[in-house]
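**Student:** Below is the structure I would like to discuss, written out as structure tokens.
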Amino acid sequence: TGTVIRTMMISARAGLNGANWDLRYEAPLQVALKTTPPDNPHIWEEPRFQGQDTRRITHWGITATTGVPMAAPGKYQVRITIDGQAFTQPFDVLKDPEIVASQADLVASTKLQVRLRDDITKTSEMVNQIELCRKQIEDQKKAKASDAAATKALTDLDKQLWDVEMQLVSRSEIHSDDKYFPEAYKVYMNLIWLSGA
């Protein structure tokens with residue numbers, strides 16, 4: 001339909017160059033945590049986060065391709081741009097003969113995967129915006145620690161944002177190392193697991 005599915009940048013060199021497309025669409029945006037979890041005030045001191053300003057939500061079973069749609073068999077085209085000049089070429093993605101699903105089912109599956117990917121991205125955008133605001137509040141609370149009125153106002157605002165964030169991600173997920181199932185998933189992780197399924 002002319003919709004861009006995936007964009008890849010390739011460093012070319014003299015001679016034969018190649019690129020492989022794994023039939024996957026662009027990945028969803030992920031949550032990027034910026035704040036310090038209330039249960040772990042020393043999280044930024046952990047070796048895995050030193051020198052970083054964000055943390056990902058990780059969980060056993062989630063891989064780099066979880067939430068990334070896969071293209072259905074059909075007609076596609078590749079567009080290569082070299083030195084500002086574009087070249088296009090049509091090609092077919094063939095159905096694996098081992099897959100018993102119908103072409104219509106595969107197309108429907110890809111549409112659902114794209115919808116879930118987009119919902120993961122929208123959820124991540126909301127969490128990331130809240131995290132950005134909460135990080136600013138966290139920094140302001142440190143800067144205004146001697147001002148009781150400012151600290152209270154900032155704490156109240158942070159609580160409101162936290163309550164919204166906790167509708168999208170769970171308290172255990174913000175520790176960025178969830179190997180257990182201590183509480184029910186919220187919107188973000190439910191979408192991730194549904195997409196993986």
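Ordering of the structure tokens sets the chain letters (A, B, ...); residue numbers start at 1 within each chain; ligands are numbered from 1 in the order shown.
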Can you check which residues of stretch 16-140 of chain A DSSP gives as strand (DSSP E or B) on the backbone and send them as a ChimeraX atom specification?
**Tutor:** /A:24,33,55,59,70,74-82,85-93
**Student:** Just to be explicit: take each residue in the selection above, keep N, CA and C atoms, and write the result as a PDB file, in the first residue's frame.
**Tutor:**
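Produced file out09.pdb, reproduced below:
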ATOM      1  N   ARG A  24      10.585  -8.208   9.622  1.00  0.00           N
ATOM      2  CA  ARG A  24       9.987  -7.537  10.769  1.00  0.00           C
ATOM      3  C   ARG A  24       9.776  -6.058  10.482  1.00  0.00           C
ATOM      4  N   LEU A  33      12.721   4.443  31.849  1.00  0.00           N
ATOM      5  CA  LEU A  33      12.554   4.942  33.216  1.00  0.00           C
ATOM      6  C   LEU A  33      13.696   5.892  33.575  1.00  0.00           C
ATOM      7  N   ARG A  55      16.509   3.528  32.306  1.00  0.00           N
ATOM      8  CA  ARG A  55      16.480   2.075  32.513  1.00  0.00           C
ATOM      9  C   ARG A  55      15.307   1.517  31.718  1.00  0.00           C
ATOM     10  N   HIS A  59      12.093  -8.268  31.712  1.00  0.00           N
ATOM     11  CA  HIS A  59      11.397  -9.387  32.324  1.00  0.00           C
ATOM     12  C   HIS A  59      11.848 -10.658  31.631  1.00  0.00           C
ATOM     13  N   MET A  70       5.610  -9.075  12.306  1.00  0.00           N
ATOM     14  CA  MET A  70       6.255  -9.747  11.178  1.00  0.00           C
ATOM     15  C   MET A  70       5.345  -9.618   9.959  1.00  0.00           C
ATOM     16  N   GLY A  74       3.077 -11.596   0.763  1.00  0.00           N
ATOM     17  CA  GLY A  74       2.412 -10.661  -0.140  1.00  0.00           C
ATOM     18  C   GLY A  74       3.408  -9.915  -1.000  1.00  0.00           C
ATOM     19  N   LYS A  75       2.911  -8.881  -1.672  1.00  0.00           N
ATOM     20  CA  LYS A  75       3.738  -8.086  -2.584  1.00  0.00           C
ATOM     21  C   LYS A  75       4.258  -6.856  -1.847  1.00  0.00           C
ATOM     22  N   TYR A  76       5.551  -6.614  -1.978  1.00  0.00           N
ATOM     23  CA  TYR A  76       6.225  -5.504  -1.320  1.00  0.00           C
ATOM     24  C   TYR A  76       7.136  -4.819  -2.322  1.00  0.00           C
ATOM     25  N   GLN A  77       7.716  -3.726  -1.905  1.00  0.00           N
ATOM     26  CA  GLN A  77       8.771  -3.126  -2.713  1.00  0.00           C
ATOM     27  C   GLN A  77       9.840  -2.563  -1.798  1.00  0.00           C
ATOM     28  N   VAL A  78      11.054  -2.589  -2.293  1.00  0.00           N
ATOM     29  CA  VAL A  78      12.178  -2.017  -1.575  1.00  0.00           C
ATOM     30  C   VAL A  78      12.556  -0.724  -2.291  1.00  0.00           C
ATOM     31  N   ARG A  79      12.899   0.289  -1.509  1.00  0.00           N
ATOM     32  CA  ARG A  79      13.383   1.546  -2.081  1.00  0.00           C
ATOM     33  C   ARG A  79      14.763   1.805  -1.483  1.00  0.00           C
ATOM     34  N   ILE A  80      15.743   1.922  -2.338  1.00  0.00           N
ATOM     35  CA  ILE A  80      17.113   2.200  -1.908  1.00  0.00           C
ATOM     36  C   ILE A  80      17.470   3.596  -2.388  1.00  0.00           C
ATOM     37  N   THR A  81      18.003   4.393  -1.482  1.00  0.00           N
ATOM     38  CA  THR A  81      18.434   5.738  -1.835  1.00  0.00           C
ATOM     39  C   THR A  81      19.949   5.804  -1.693  1.00  0.00           C
ATOM     40  N   ILE A  82      20.600   6.134  -2.782  1.00  0.00           N
ATOM     41  CA  ILE A  82      22.058   6.235  -2.812  1.00  0.00           C
ATOM     42  C   ILE A  82      22.410   7.610  -3.361  1.00  0.00           C
ATOM     43  N   GLN A  85      19.648   9.602  -4.873  1.00  0.00           N
ATOM     44  CA  GLN A  85      18.875   9.013  -5.963  1.00  0.00           C
ATOM     45  C   GLN A  85      18.186   7.747  -5.466  1.00  0.00           C
ATOM     46  N   ALA A  86      16.865   7.657  -5.693  1.00  0.00           N
ATOM     47  CA  ALA A  86      16.079   6.517  -5.206  1.00  0.00           C
ATOM     48  C   ALA A  86      15.861   5.494  -6.309  1.00  0.00           C
ATOM     49  N   PHE A  87      15.948   4.235  -5.929  1.00  0.00           N
ATOM     50  CA  PHE A  87      15.678   3.116  -6.821  1.00  0.00           C
ATOM     51  C   PHE A  87      14.669   2.218  -6.126  1.00  0.00           C
ATOM     52  N   THR A  88      13.652   1.758  -6.853  1.00  0.00           N
ATOM     53  CA  THR A  88      12.668   0.848  -6.254  1.00  0.00           C
ATOM     54  C   THR A  88      12.621  -0.458  -7.044  1.00  0.00           C
ATOM     55  N   GLN A  89      12.271  -1.498  -6.320  1.00  0.00           N
ATOM     56  CA  GLN A  89      12.169  -2.819  -6.937  1.00  0.00           C
ATOM     57  C   GLN A  89      11.085  -3.610  -6.207  1.00  0.00           C
ATOM     58  N   PRO A  90      10.106  -4.158  -6.926  1.00  0.00           N
ATOM     59  CA  PRO A  90       9.100  -4.988  -6.264  1.00  0.00           C
ATOM     60  C   PRO A  90       9.667  -6.371  -5.951  1.00  0.00           C
ATOM     61  N   PHE A  91       9.087  -7.005  -4.937  1.00  0.00           N
ATOM     62  CA  PHE A  91       9.445  -8.383  -4.613  1.00  0.00           C
ATOM     63  C   PHE A  91       8.280  -9.016  -3.867  1.00  0.00           C
ATOM     64  N   ASP A  92       8.282 -10.331  -3.800  1.00  0.00           N
ATOM     65  CA  ASP A  92       7.234 -11.076  -3.103  1.00  0.00           C
ATOM     66  C   ASP A  92       7.812 -11.716  -1.839  1.00  0.00           C
ATOM     67  N   VAL A  93       7.036 -11.670  -0.776  1.00  0.00           N
ATOM     68  CA  VAL A  93       7.320 -12.470   0.410  1.00  0.00           C
ATOM     69  C   VAL A  93       6.439 -13.703   0.287  1.00  0.00           C
TER      70      VAL A  93
END
**Student:** So that I can check the surroundings of stretch 167-176 of chain A, please list as an MDAnalysis selection string every protein, DNA and RNA residue that reaches within 9 Å of it, counting only C-alpha atoms and ignoring chain neighbours fewer than 6 positions away.
**Tutor:** chainID A and resid 33 35:37 39:40 43 55:59 123:124 126:127 182:189
**Student:** Could you list, as a list in words, every residue within 9 Å of A:Ile5, counting only C-alpha atoms and ignoring same-chain residues fewer than 6 positions away?
**Tutor:** Arg24, Tyr25, Glu26 and Ala71 of chain A
**Student:** Next, write the just-selected residues to a file, as a PDB file, in the first residue's frame, keeping all heavy atoms as the atom set.
**Tutor:**
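The file below, selection-v2.pdb, is the result:
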ATOM      1  N   ARG A  24      10.585  -8.208   9.622  1.00  0.00           N
ATOM      2  CA  ARG A  24       9.987  -7.537  10.769  1.00  0.00           C
ATOM      3  C   ARG A  24       9.776  -6.058  10.482  1.00  0.00           C
ATOM      4  O   ARG A  24      10.526  -5.439   9.739  1.00  0.00           O
ATOM      5  CB  ARG A  24      10.854  -7.714  12.007  1.00  0.00           C
ATOM      6  CG  ARG A  24      10.990  -9.169  12.396  1.00  0.00           C
ATOM      7  CD  ARG A  24      11.092  -9.349  13.878  1.00  0.00           C
ATOM      8  NE  ARG A  24      11.094 -10.768  14.226  1.00  0.00           N
ATOM      9  CZ  ARG A  24      10.052 -11.411  14.703  1.00  0.00           C
ATOM     10  NH1 ARG A  24       8.912 -10.785  14.911  1.00  0.00           N
ATOM     11  NH2 ARG A  24      10.129 -12.689  15.009  1.00  0.00           N
ATOM     12  N   TYR A  25       8.716  -5.530  11.091  1.00  0.00           N
ATOM     13  CA  TYR A  25       8.426  -4.097  11.035  1.00  0.00           C
ATOM     14  C   TYR A  25       9.342  -3.368  12.014  1.00  0.00           C
ATOM     15  O   TYR A  25      10.137  -3.981  12.721  1.00  0.00           O
ATOM     16  CB  TYR A  25       6.975  -3.853  11.448  1.00  0.00           C
ATOM     17  CG  TYR A  25       5.926  -4.138  10.400  1.00  0.00           C
ATOM     18  CD1 TYR A  25       5.817  -5.393   9.812  1.00  0.00           C
ATOM     19  CD2 TYR A  25       5.030  -3.153  10.015  1.00  0.00           C
ATOM     20  CE1 TYR A  25       4.838  -5.656   8.872  1.00  0.00           C
ATOM     21  CE2 TYR A  25       4.039  -3.409   9.069  1.00  0.00           C
ATOM     22  CZ  TYR A  25       3.954  -4.659   8.503  1.00  0.00           C
ATOM     23  OH  TYR A  25       2.982  -4.910   7.570  1.00  0.00           O
ATOM     24  N   GLU A  26       9.182  -2.046  12.083  1.00  0.00           N
ATOM     25  CA  GLU A  26       9.896  -1.274  13.098  1.00  0.00           C
ATOM     26  C   GLU A  26       9.426  -1.736  14.473  1.00  0.00           C
ATOM     27  O   GLU A  26       8.259  -2.078  14.669  1.00  0.00           O
ATOM     28  CB  GLU A  26       9.616   0.227  12.942  1.00  0.00           C
ATOM     29  CG  GLU A  26      10.123   0.837  11.650  1.00  0.00           C
ATOM     30  CD  GLU A  26      11.632   0.994  11.576  1.00  0.00           C
ATOM     31  OE1 GLU A  26      12.328   0.741  12.579  1.00  0.00           O
ATOM     32  OE2 GLU A  26      12.111   1.357  10.497  1.00  0.00           O
ATOM     33  N   ALA A  71       5.947  -9.336   8.825  1.00  0.00           N
ATOM     34  CA  ALA A  71       5.192  -9.120   7.587  1.00  0.00           C
ATOM     35  C   ALA A  71       4.515 -10.403   7.121  1.00  0.00           C
ATOM     36  O   ALA A  71       5.085 -11.489   7.211  1.00  0.00           O
ATOM     37  CB  ALA A  71       6.121  -8.603   6.496  1.00  0.00           C
TER      38      ALA A  71
END
**Student:** Give me, as JSON lines, each residue of stretch 142-195 of chain A that comes within 12 Å of stretch 98-113 of chain A, together with its shortest interatomic pair and the distance in Å at one decimal, counting only C-alpha atoms, with rows ordered by chain and rising residue number.
**Tutor:**
{"residue": "A:Leu191", "atom": "CA", "partner": "A:Gln113", "partner_atom": "CA", "distance": 10.3}
{"residue": "A:Ile192", "atom": "CA", "partner": "A:Gln113", "partner_atom": "CA", "distance": 10.6}
{"residue": "A:Trp193", "atom": "CA", "partner": "A:Gln113", "partner_atom": "CA", "distance": 11.6}
{"residue": "A:Leu194", "atom": "CA", "partner": "A:Gln113", "partner_atom": "CA", "distance": 9.2}
{"residue": "A:Ser195", "atom": "CA", "partner": "A:Gln113", "partner_atom": "CA", "distance": 6.3}
**Student:** With C-alpha atoms retained, write the just-selected residues as a PDB file, in the first residue's frame.
**Tutor:**
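Dumped everything to again10.pdb:
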ATOM      1  CA  LEU A 191       0.399  -5.445  25.683  1.00  0.00           C
ATOM      2  CA  ILE A 192       3.963  -6.812  25.529  1.00  0.00           C
ATOM      3  CA  TRP A 193       2.872 -10.337  26.464  1.00  0.00           C
ATOM      4  CA  LEU A 194      -0.190 -10.244  24.202  1.00  0.00           C
ATOM      5  CA  SER A 195       2.033  -9.163  21.336  1.00  0.00           C
TER       6      SER A 195
END
**Student:** Fewer than 2 positions away in the same chain doesn't count, so skip those; otherwise give me all residues within 9 Å of A:Trp21, counting only C-alpha atoms, as a list in words.
**Tutor:** Arg6, Met8, Ala19, Leu23 and Arg24 of chain A
**Student:** Would you work out the distance separating atom CA of A:Leu132 from atom CA of A:Ala27, expressed in Å to one decimal?
**Tutor:** 21.8 Å
**Student:** Using only C-alpha atoms, which residues sit within 9 Å of A:Pro28 once same-chain residues fewer than 4 positions away are excluded, as a PyMOL selection string?
**Tutor:** chain A and resi 67-68+116-122+124
**Student:** Give me a file of those residues, with C-alpha atoms, as an mmCIF file, in the first residue's frame.
**Tutor:**
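Listed below is the output, part.cif:
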data_model
loop_
_atom_site.group_PDB
_atom_site.id
_atom_site.type_symbol
_atom_site.label_atom_id
_atom_site.label_comp_id
_atom_site.auth_asym_id
_atom_site.auth_seq_id
_atom_site.Cartn_x
_atom_site.Cartn_y
_atom_site.Cartn_z
ATOM 1 C CA GLY A 67 6.255 -6.670 20.158
ATOM 2 C CA VAL A 68 7.787 -6.414 16.682
ATOM 3 C CA LEU A 116 -0.455 -3.937 19.348
ATOM 4 C CA ARG A 117 2.929 -2.455 18.404
ATOM 5 C CA ASP A 118 1.308 0.961 18.040
ATOM 6 C CA ASP A 119 -0.470 0.561 21.399
ATOM 7 C CA ILE A 120 2.832 -0.384 23.064
ATOM 8 C CA THR A 121 4.380 2.749 21.574
ATOM 9 C CA LYS A 122 1.515 4.968 22.778
ATOM 10 C CA SER A 124 5.508 3.987 26.296
#
